[in-house]
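Engineer: The structure is given below, and queries will be raised subsequently.
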Amino acid sequence: MTQHQNETAASATVDHEGHEIAFRGLLASVAGCFARCETRETFARMTRGMLMELEDVNCWSLAEAIGERGPHRLHHLLSRAVWDEEAVLERTAAWAVGLLDDGDGILIADETGDAKSSTDAVAAARQYSGSVGGVDLCQVAVHLTFASSAGHCLIGRRLYFTQEWAADEERRELTGVPDELCFATKPQLAADMLRAARRQGISASFFLGDEVYGGRELRTVCRELGLGYVVAVRSNHQVTTGPVKLSVAKAAARLPKHAWQRMRTGAGQKGVRDYDWAMIEVTADDPPDGHDRDAGTSVLLVRRHRYTRTVSYYHCFAPGPVTLARLVSLVCLRWRVEDDFQDAKEICHLDKGQVTCWNSWHRWSVITLVAYAFLAVTAALERAAQATRDDPREADLVPLSSHEVLRLLRVLIIPPPRRDRDHLLWWSTWRRRHQHRARLCHRHWHAYADATPRSERFSNGYLQLP
């Protein structure tokens with residue numbers, strides 16, 4: 001490596017002291033959500049553990065890495081300990097938004113699925129998920145991302161139940177689902193998170209979503225909250241333009257040639273991405289009660305691929321005038337939530353929770369989202385600092401990604417996993433003993449289940465153990 005390369009590498013080092021202070025500040029902001037200091041300390045250590053470099057991530061590997069003598073404290077934190085995980089997530093969201101907000105933030109909803117091997121996990125069912133590649137046994141959760149020019153971060157989540165699962169009283173009882181919760185569609189879960197964000201004081205100008213979130217009910221909620229929206233819709237989605245009601249595909253087919261404008265939507269590794277765009281004024285079909293139907297700007301945005309001629313459609317509303325360039329930029333920003341999913345899973349293990357119950361799923365997701373919020377905000381601040389330094393040694397460097405920032409943080413502020421000889425031997429013995437006991441228990445249970453009718457095992461609605 002040349003001297004110039006050494007200096008350039010050194011200039012990219014993150015402000016580790018400042019970020020250590022920021023991490024402690026984030027943990028301090030959620031400290032009031034815990035009833036005991038021991039629980040708060042375990043939470044902090046587990047959150048740091050989520051950012052360590054581990055081959056596999058579960059309560060066992062995390063407990064070993066942070067120096068515990070067994071996974072019992074982490075199990076207790078996820079299942080029975082007294083702390084308000086929803087308040088932790090709300091305060092983390094407020095912390096992240098406070099650092100990322102540029103006055104023109106947007107909110108993006110999307111769902112992601114995590115493959116499961118058993119229906120014992122809460123809400124696990126055979127259902128469609130794009131992240132698992134089709135219909136499979138998985139858990140699906142709707143998430144909300146806050147994005148601005150500074151950066152983006154996941155700030156909310158809701159676990160989705162299929163109608164069949166939500167109606168299964170036995171499964172709900174076994175996994176601890178609260179009685180007051182009932183089936184809700186994905187758009188309804190997104191609307192719930194938008195209302196929660198407004199109650200928390202999180203302001204945004206637009207809501208973005210794919211075709212799942214293009215229905216009238218959610219669009220009406222956006223207008224109630226003062227949000228504009230840009231949501232993808234299917235080709236058979238109906239709009240009214242002038243005196244005619246027709247599908248968006250037919251409306252786009254009527255566009256004259258001069259209505260299309262070619263606009264650049266960004267640059268990828270293979271070059272720039274250009275599409276043809278057109279905008280059609282439509283009559284609003286979603287004004288809330290008491291709102292003026294003609295207020296704001298309601299349009300259909302149409303995108304056409306330059307070569308394949310594939311067409312996509314977006315139903316859009318803005319409280320005031322809006323330009324084509326502004327709507328196109330919002331369409332491109334929707335992918336921020338996909339970036340968040342990828343990083344939260346790859347780096348902070350959002351999809352690695354080997355938990356089965358309602359409490360445990362929500363608490364694992366909160367811990368991973370706190371870790372991811374710290375990392376996402378840290379990366380955003382580092383990119384902003386790099387842009388303002390105007391250092392010629394950084395002219396040939398791409399902006400710091402979350403992955404690269406984490407590599408540096410693991411050297412600078414995140415303690416390495418504990419790997420001393422006595423600790424490793426202790427854990428090897430503990431694992432083998434636990435696995436032996438688990439094997440005996442499974443054999444005992446299967447022998448009991450084979451010999452006892454199901455009606456006797458679940459008498460009075462509760463599982464009767466041998």
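Labels for the structure tokens follow display order: chains A, B, ..., residues from 1 in each chain, ligands from 1.
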List the neighbours of region 164-168 of chain A out to 10 Å using only C-alpha atoms; skip same-chain residues closer than 4 positions along the sequence, and give me the result as a ChimeraX atom specification.
Structural biologist: /A:119,122-125,160,172-173,177,181-184
Engineer: Taking only region 59-175 of chain A into account, list the residues labelled alpha helix (DSSP H) by DSSP (computed from the backbone), as a PDB file with N, CA, C and O atoms, in the first residue's frame.
Structural biologist:
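Okay, states_35.pdb is ready:
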```pdb
ATOM      1  N   CYS A  59     -29.625 -16.705  21.086  1.00  0.00           N
ATOM      2  CA  CYS A  59     -29.374 -16.374  22.489  1.00  0.00           C
ATOM      3  C   CYS A  59     -28.134 -17.090  23.037  1.00  0.00           C
ATOM      4  O   CYS A  59     -27.407 -16.536  23.867  1.00  0.00           O
ATOM      5  N   TRP A  60     -27.893 -18.307  22.585  1.00  0.00           N
ATOM      6  CA  TRP A  60     -26.714 -19.033  23.047  1.00  0.00           C
ATOM      7  C   TRP A  60     -25.430 -18.350  22.592  1.00  0.00           C
ATOM      8  O   TRP A  60     -24.536 -18.076  23.391  1.00  0.00           O
ATOM      9  N   SER A  61     -25.327 -18.090  21.288  1.00  0.00           N
ATOM     10  CA  SER A  61     -24.088 -17.502  20.767  1.00  0.00           C
ATOM     11  C   SER A  61     -23.888 -16.083  21.277  1.00  0.00           C
ATOM     12  O   SER A  61     -22.751 -15.661  21.547  1.00  0.00           O
ATOM     13  N   LEU A  62     -24.978 -15.323  21.424  1.00  0.00           N
ATOM     14  CA  LEU A  62     -24.864 -13.973  21.961  1.00  0.00           C
ATOM     15  C   LEU A  62     -24.406 -13.990  23.414  1.00  0.00           C
ATOM     16  O   LEU A  62     -23.539 -13.211  23.817  1.00  0.00           O
ATOM     17  N   ALA A  63     -25.000 -14.884  24.215  1.00  0.00           N
ATOM     18  CA  ALA A  63     -24.623 -14.965  25.625  1.00  0.00           C
ATOM     19  C   ALA A  63     -23.152 -15.348  25.770  1.00  0.00           C
ATOM     20  O   ALA A  63     -22.432 -14.786  26.608  1.00  0.00           O
ATOM     21  N   GLU A  64     -22.691 -16.289  24.960  1.00  0.00           N
ATOM     22  CA  GLU A  64     -21.276 -16.679  25.002  1.00  0.00           C
ATOM     23  C   GLU A  64     -20.383 -15.505  24.608  1.00  0.00           C
ATOM     24  O   GLU A  64     -19.352 -15.250  25.230  1.00  0.00           O
ATOM     25  N   ALA A  65     -20.782 -14.763  23.571  1.00  0.00           N
ATOM     26  CA  ALA A  65     -19.954 -13.666  23.065  1.00  0.00           C
ATOM     27  C   ALA A  65     -19.834 -12.519  24.059  1.00  0.00           C
ATOM     28  O   ALA A  65     -18.770 -11.900  24.179  1.00  0.00           O
ATOM     29  N   HIS A  72     -29.504 -17.825  30.078  1.00  0.00           N
ATOM     30  CA  HIS A  72     -30.719 -17.647  30.875  1.00  0.00           C
ATOM     31  C   HIS A  72     -31.136 -16.169  30.998  1.00  0.00           C
ATOM     32  O   HIS A  72     -32.327 -15.858  30.953  1.00  0.00           O
ATOM     33  N   ARG A  73     -30.165 -15.277  31.169  1.00  0.00           N
ATOM     34  CA  ARG A  73     -30.520 -13.857  31.291  1.00  0.00           C
ATOM     35  C   ARG A  73     -31.125 -13.323  29.998  1.00  0.00           C
ATOM     36  O   ARG A  73     -32.066 -12.522  30.036  1.00  0.00           O
ATOM     37  N   LEU A  74     -30.602 -13.748  28.862  1.00  0.00           N
ATOM     38  CA  LEU A  74     -31.147 -13.286  27.589  1.00  0.00           C
ATOM     39  C   LEU A  74     -32.534 -13.866  27.362  1.00  0.00           C
ATOM     40  O   LEU A  74     -33.430 -13.168  26.867  1.00  0.00           O
ATOM     41  N   HIS A  75     -32.728 -15.135  27.713  1.00  0.00           N
ATOM     42  CA  HIS A  75     -34.065 -15.732  27.613  1.00  0.00           C
ATOM     43  C   HIS A  75     -35.052 -14.965  28.492  1.00  0.00           C
ATOM     44  O   HIS A  75     -36.189 -14.694  28.090  1.00  0.00           O
ATOM     45  N   HIS A  76     -34.613 -14.639  29.705  1.00  0.00           N
ATOM     46  CA  HIS A  76     -35.480 -13.903  30.633  1.00  0.00           C
ATOM     47  C   HIS A  76     -35.803 -12.513  30.081  1.00  0.00           C
ATOM     48  O   HIS A  76     -36.951 -12.048  30.165  1.00  0.00           O
ATOM     49  N   LEU A  77     -34.804 -11.845  29.501  1.00  0.00           N
ATOM     50  CA  LEU A  77     -35.015 -10.514  28.916  1.00  0.00           C
ATOM     51  C   LEU A  77     -36.067 -10.561  27.821  1.00  0.00           C
ATOM     52  O   LEU A  77     -36.918  -9.664  27.714  1.00  0.00           O
ATOM     53  N   LEU A  78     -36.049 -11.613  26.999  1.00  0.00           N
ATOM     54  CA  LEU A  78     -36.966 -11.707  25.872  1.00  0.00           C
ATOM     55  C   LEU A  78     -38.363 -12.159  26.272  1.00  0.00           C
ATOM     56  O   LEU A  78     -39.332 -11.834  25.575  1.00  0.00           O
ATOM     57  N   SER A  79     -38.475 -12.891  27.361  1.00  0.00           N
ATOM     58  CA  SER A  79     -39.771 -13.500  27.664  1.00  0.00           C
ATOM     59  C   SER A  79     -40.466 -12.939  28.897  1.00  0.00           C
ATOM     60  O   SER A  79     -41.640 -12.569  28.838  1.00  0.00           O
ATOM     61  N   GLU A  85     -41.038  -2.721  25.751  1.00  0.00           N
ATOM     62  CA  GLU A  85     -40.316  -2.762  24.473  1.00  0.00           C
ATOM     63  C   GLU A  85     -40.874  -1.754  23.465  1.00  0.00           C
ATOM     64  O   GLU A  85     -40.122  -1.210  22.636  1.00  0.00           O
ATOM     65  N   GLU A  86     -42.180  -1.482  23.512  1.00  0.00           N
ATOM     66  CA  GLU A  86     -42.749  -0.522  22.568  1.00  0.00           C
ATOM     67  C   GLU A  86     -42.269   0.891  22.871  1.00  0.00           C
ATOM     68  O   GLU A  86     -41.996   1.681  21.952  1.00  0.00           O
ATOM     69  N   ALA A  87     -42.132   1.222  24.144  1.00  0.00           N
ATOM     70  CA  ALA A  87     -41.594   2.532  24.506  1.00  0.00           C
ATOM     71  C   ALA A  87     -40.131   2.656  24.091  1.00  0.00           C
ATOM     72  O   ALA A  87     -39.682   3.734  23.670  1.00  0.00           O
ATOM     73  N   VAL A  88     -39.381   1.556  24.202  1.00  0.00           N
ATOM     74  CA  VAL A  88     -37.983   1.565  23.746  1.00  0.00           C
ATOM     75  C   VAL A  88     -37.906   1.880  22.260  1.00  0.00           C
ATOM     76  O   VAL A  88     -37.106   2.706  21.814  1.00  0.00           O
ATOM     77  N   LEU A  89     -38.770   1.236  21.475  1.00  0.00           N
ATOM     78  CA  LEU A  89     -38.755   1.470  20.033  1.00  0.00           C
ATOM     79  C   LEU A  89     -39.180   2.902  19.707  1.00  0.00           C
ATOM     80  O   LEU A  89     -38.606   3.538  18.813  1.00  0.00           O
ATOM     81  N   GLU A  90     -40.170   3.431  20.419  1.00  0.00           N
ATOM     82  CA  GLU A  90     -40.618   4.800  20.171  1.00  0.00           C
ATOM     83  C   GLU A  90     -39.502   5.809  20.471  1.00  0.00           C
ATOM     84  O   GLU A  90     -39.271   6.751  19.702  1.00  0.00           O
ATOM     85  N   ARG A  91     -38.798   5.602  21.575  1.00  0.00           N
ATOM     86  CA  ARG A  91     -37.724   6.539  21.923  1.00  0.00           C
ATOM     87  C   ARG A  91     -36.546   6.408  20.963  1.00  0.00           C
ATOM     88  O   ARG A  91     -35.882   7.399  20.638  1.00  0.00           O
ATOM     89  N   THR A  92     -36.283   5.182  20.507  1.00  0.00           N
ATOM     90  CA  THR A  92     -35.222   4.987  19.514  1.00  0.00           C
ATOM     91  C   THR A  92     -35.584   5.674  18.207  1.00  0.00           C
ATOM     92  O   THR A  92     -34.739   6.311  17.563  1.00  0.00           O
ATOM     93  N   ALA A  93     -36.855   5.554  17.793  1.00  0.00           N
ATOM     94  CA  ALA A  93     -37.306   6.231  16.576  1.00  0.00           C
ATOM     95  C   ALA A  93     -37.155   7.743  16.706  1.00  0.00           C
ATOM     96  O   ALA A  93     -36.704   8.417  15.775  1.00  0.00           O
ATOM     97  N   ALA A  94     -37.520   8.280  17.863  1.00  0.00           N
ATOM     98  CA  ALA A  94     -37.394   9.724  18.080  1.00  0.00           C
ATOM     99  C   ALA A  94     -35.931  10.149  18.014  1.00  0.00           C
ATOM    100  O   ALA A  94     -35.605  11.204  17.441  1.00  0.00           O
ATOM    101  N   TRP A  95     -35.041   9.334  18.580  1.00  0.00           N
ATOM    102  CA  TRP A  95     -33.604   9.632  18.538  1.00  0.00           C
ATOM    103  C   TRP A  95     -33.089   9.632  17.106  1.00  0.00           C
ATOM    104  O   TRP A  95     -32.379  10.558  16.678  1.00  0.00           O
ATOM    105  N   ALA A  96     -33.461   8.608  16.335  1.00  0.00           N
ATOM    106  CA  ALA A  96     -32.985   8.504  14.958  1.00  0.00           C
ATOM    107  C   ALA A  96     -33.549   9.610  14.081  1.00  0.00           C
ATOM    108  O   ALA A  96     -32.816  10.260  13.323  1.00  0.00           O
ATOM    109  N   VAL A  97     -34.859   9.854  14.179  1.00  0.00           N
ATOM    110  CA  VAL A  97     -35.492  10.886  13.353  1.00  0.00           C
ATOM    111  C   VAL A  97     -34.932  12.262  13.697  1.00  0.00           C
ATOM    112  O   VAL A  97     -34.712  13.101  12.811  1.00  0.00           O
ATOM    113  N   GLY A  98     -34.665  12.493  14.978  1.00  0.00           N
ATOM    114  CA  GLY A  98     -34.103  13.775  15.377  1.00  0.00           C
ATOM    115  C   GLY A  98     -32.768  14.073  14.714  1.00  0.00           C
ATOM    116  O   GLY A  98     -32.447  15.235  14.446  1.00  0.00           O
ATOM    117  N   LEU A  99     -31.987  13.044  14.422  1.00  0.00           N
ATOM    118  CA  LEU A  99     -30.683  13.228  13.789  1.00  0.00           C
ATOM    119  C   LEU A  99     -30.751  13.185  12.265  1.00  0.00           C
ATOM    120  O   LEU A  99     -29.872  13.729  11.589  1.00  0.00           O
ATOM    121  N   LEU A 100     -31.779  12.536  11.711  1.00  0.00           N
ATOM    122  CA  LEU A 100     -31.877  12.387  10.254  1.00  0.00           C
ATOM    123  C   LEU A 100     -32.806  13.393   9.600  1.00  0.00           C
ATOM    124  O   LEU A 100     -32.713  13.620   8.389  1.00  0.00           O
ATOM    125  N   GLN A 163     -55.721 -14.626   8.341  1.00  0.00           N
ATOM    126  CA  GLN A 163     -57.046 -14.755   8.948  1.00  0.00           C
ATOM    127  C   GLN A 163     -57.198 -16.090   9.662  1.00  0.00           C
ATOM    128  O   GLN A 163     -57.770 -16.167  10.755  1.00  0.00           O
ATOM    129  N   GLU A 164     -56.679 -17.150   9.056  1.00  0.00           N
ATOM    130  CA  GLU A 164     -56.782 -18.465   9.681  1.00  0.00           C
ATOM    131  C   GLU A 164     -56.014 -18.499  10.988  1.00  0.00           C
ATOM    132  O   GLU A 164     -56.500 -19.018  11.998  1.00  0.00           O
ATOM    133  N   TRP A 165     -54.800 -17.946  10.988  1.00  0.00           N
ATOM    134  CA  TRP A 165     -53.990 -17.964  12.209  1.00  0.00           C
ATOM    135  C   TRP A 165     -54.635 -17.105  13.288  1.00  0.00           C
ATOM    136  O   TRP A 165     -54.683 -17.488  14.459  1.00  0.00           O
ATOM    137  N   ALA A 166     -55.145 -15.952  12.914  1.00  0.00           N
ATOM    138  CA  ALA A 166     -55.745 -15.057  13.898  1.00  0.00           C
ATOM    139  C   ALA A 166     -56.967 -15.672  14.562  1.00  0.00           C
ATOM    140  O   ALA A 166     -57.308 -15.331  15.704  1.00  0.00           O
ATOM    141  N   GLU A 169     -57.634 -20.102  18.245  1.00  0.00           N
ATOM    142  CA  GLU A 169     -57.526 -19.762  19.663  1.00  0.00           C
ATOM    143  C   GLU A 169     -56.430 -20.557  20.369  1.00  0.00           C
ATOM    144  O   GLU A 169     -55.771 -20.049  21.278  1.00  0.00           O
ATOM    145  N   GLU A 170     -56.223 -21.811  19.965  1.00  0.00           N
ATOM    146  CA  GLU A 170     -55.206 -22.627  20.616  1.00  0.00           C
ATOM    147  C   GLU A 170     -53.812 -22.066  20.357  1.00  0.00           C
ATOM    148  O   GLU A 170     -52.996 -21.947  21.285  1.00  0.00           O
ATOM    149  N   ARG A 171     -53.538 -21.723  19.118  1.00  0.00           N
ATOM    150  CA  ARG A 171     -52.227 -21.146  18.802  1.00  0.00           C
ATOM    151  C   ARG A 171     -52.026 -19.811  19.514  1.00  0.00           C
ATOM    152  O   ARG A 171     -50.933 -19.515  20.020  1.00  0.00           O
ATOM    153  N   ARG A 172     -53.048 -18.994  19.547  1.00  0.00           N
ATOM    154  CA  ARG A 172     -52.940 -17.703  20.225  1.00  0.00           C
ATOM    155  C   ARG A 172     -52.628 -17.902  21.702  1.00  0.00           C
ATOM    156  O   ARG A 172     -51.804 -17.177  22.278  1.00  0.00           O
ATOM    157  N   GLU A 173     -53.293 -18.890  22.316  1.00  0.00           N
ATOM    158  CA  GLU A 173     -53.060 -19.166  23.740  1.00  0.00           C
ATOM    159  C   GLU A 173     -51.629 -19.626  23.980  1.00  0.00           C
ATOM    160  O   GLU A 173     -50.957 -19.164  24.908  1.00  0.00           O
ATOM    161  N   LEU A 174     -51.138 -20.531  23.147  1.00  0.00           N
ATOM    162  CA  LEU A 174     -49.808 -21.104  23.348  1.00  0.00           C
ATOM    163  C   LEU A 174     -48.699 -20.083  23.108  1.00  0.00           C
ATOM    164  O   LEU A 174     -47.622 -20.192  23.704  1.00  0.00           O
ATOM    165  N   THR A 175     -48.925 -19.123  22.234  1.00  0.00           N
ATOM    166  CA  THR A 175     -47.875 -18.146  21.919  1.00  0.00           C
ATOM    167  C   THR A 175     -48.062 -16.809  22.623  1.00  0.00           C
ATOM    168  O   THR A 175     -47.255 -15.898  22.446  1.00  0.00           O
TER     169      THR A 175
END
```
Engineer: Tell me which of A:Leu208, A:Val244, A:Met46, A:Leu107 sits closest to Pro417 (chain A), counting only C-alpha atoms.
Structural biologist: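 Among the listed residues, the smallest separation from Pro417 (chain A) belongs to A:Met46.
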Engineer: Hey, what's within 9 Å of Gly103 (chain A) if we count only C-alpha atoms and toss same-chain stuff fewer than 2 positions away? As a PDB file with N, CA and C atoms, in the first residue's frame, please?
Structural biologist:
```pdb
ATOM      1  N   ASP A 101     -33.710  13.974  10.366  1.00  0.00           N
ATOM      2  CA  ASP A 101     -34.754  14.820   9.780  1.00  0.00           C
ATOM      3  C   ASP A 101     -34.156  16.090   9.173  1.00  0.00           C
ATOM      4  N   GLY A 105     -38.901  14.875   5.452  1.00  0.00           N
ATOM      5  CA  GLY A 105     -38.820  13.422   5.575  1.00  0.00           C
ATOM      6  C   GLY A 105     -40.004  12.732   4.925  1.00  0.00           C
ATOM      7  N   SER A 148     -34.796  10.521   4.667  1.00  0.00           N
ATOM      8  CA  SER A 148     -34.563  11.915   4.315  1.00  0.00           C
ATOM      9  C   SER A 148     -33.313  11.973   3.459  1.00  0.00           C
ATOM     10  N   SER A 203     -42.785  14.064  11.905  1.00  0.00           N
ATOM     11  CA  SER A 203     -43.429  14.743  10.773  1.00  0.00           C
ATOM     12  C   SER A 203     -42.821  14.255   9.469  1.00  0.00           C
ATOM     13  N   ALA A 204     -43.660  14.188   8.450  1.00  0.00           N
ATOM     14  CA  ALA A 204     -43.216  13.763   7.128  1.00  0.00           C
ATOM     15  C   ALA A 204     -44.110  14.432   6.097  1.00  0.00           C
ATOM     16  N   SER A 205     -43.626  14.500   4.866  1.00  0.00           N
ATOM     17  CA  SER A 205     -44.395  15.143   3.808  1.00  0.00           C
ATOM     18  C   SER A 205     -45.145  14.143   2.945  1.00  0.00           C
TER      19      SER A 205
END
```
Engineer: With only C-alpha atoms as the counted atoms, please give the residues lying no more than 8 Å from Gly113 (chain A), apart from itself and same-chain residues fewer than 3 positions off, as a list in words.
Structural biologist: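 Final neighbour list, sorted by chain and number: Ser129, Gly130, Ser131, Val132, Cys138, Gln139, Val140 and Ala141 of chain A.
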Engineer: Could the residues in this selection be saved with C-alpha atoms as a compact mmCIF listing (two decimals), in the first residue's frame?
Structural biologist:
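See part.txt below for the written result:
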```txt
# COMPACT_ATOMS: atom_id res chain seq x y z
CA SER A 129 -43.51 -13.33 0.88
CA GLY A 130 -41.28 -11.85 -1.78
CA SER A 131 -38.25 -12.08 0.52
CA VAL A 132 -38.59 -15.87 0.78
CA CYS A 138 -42.87 -17.91 7.24
CA GLN A 139 -43.57 -14.98 9.53
CA VAL A 140 -44.47 -11.69 7.82
CA ALA A 141 -44.16 -8.28 9.42
```
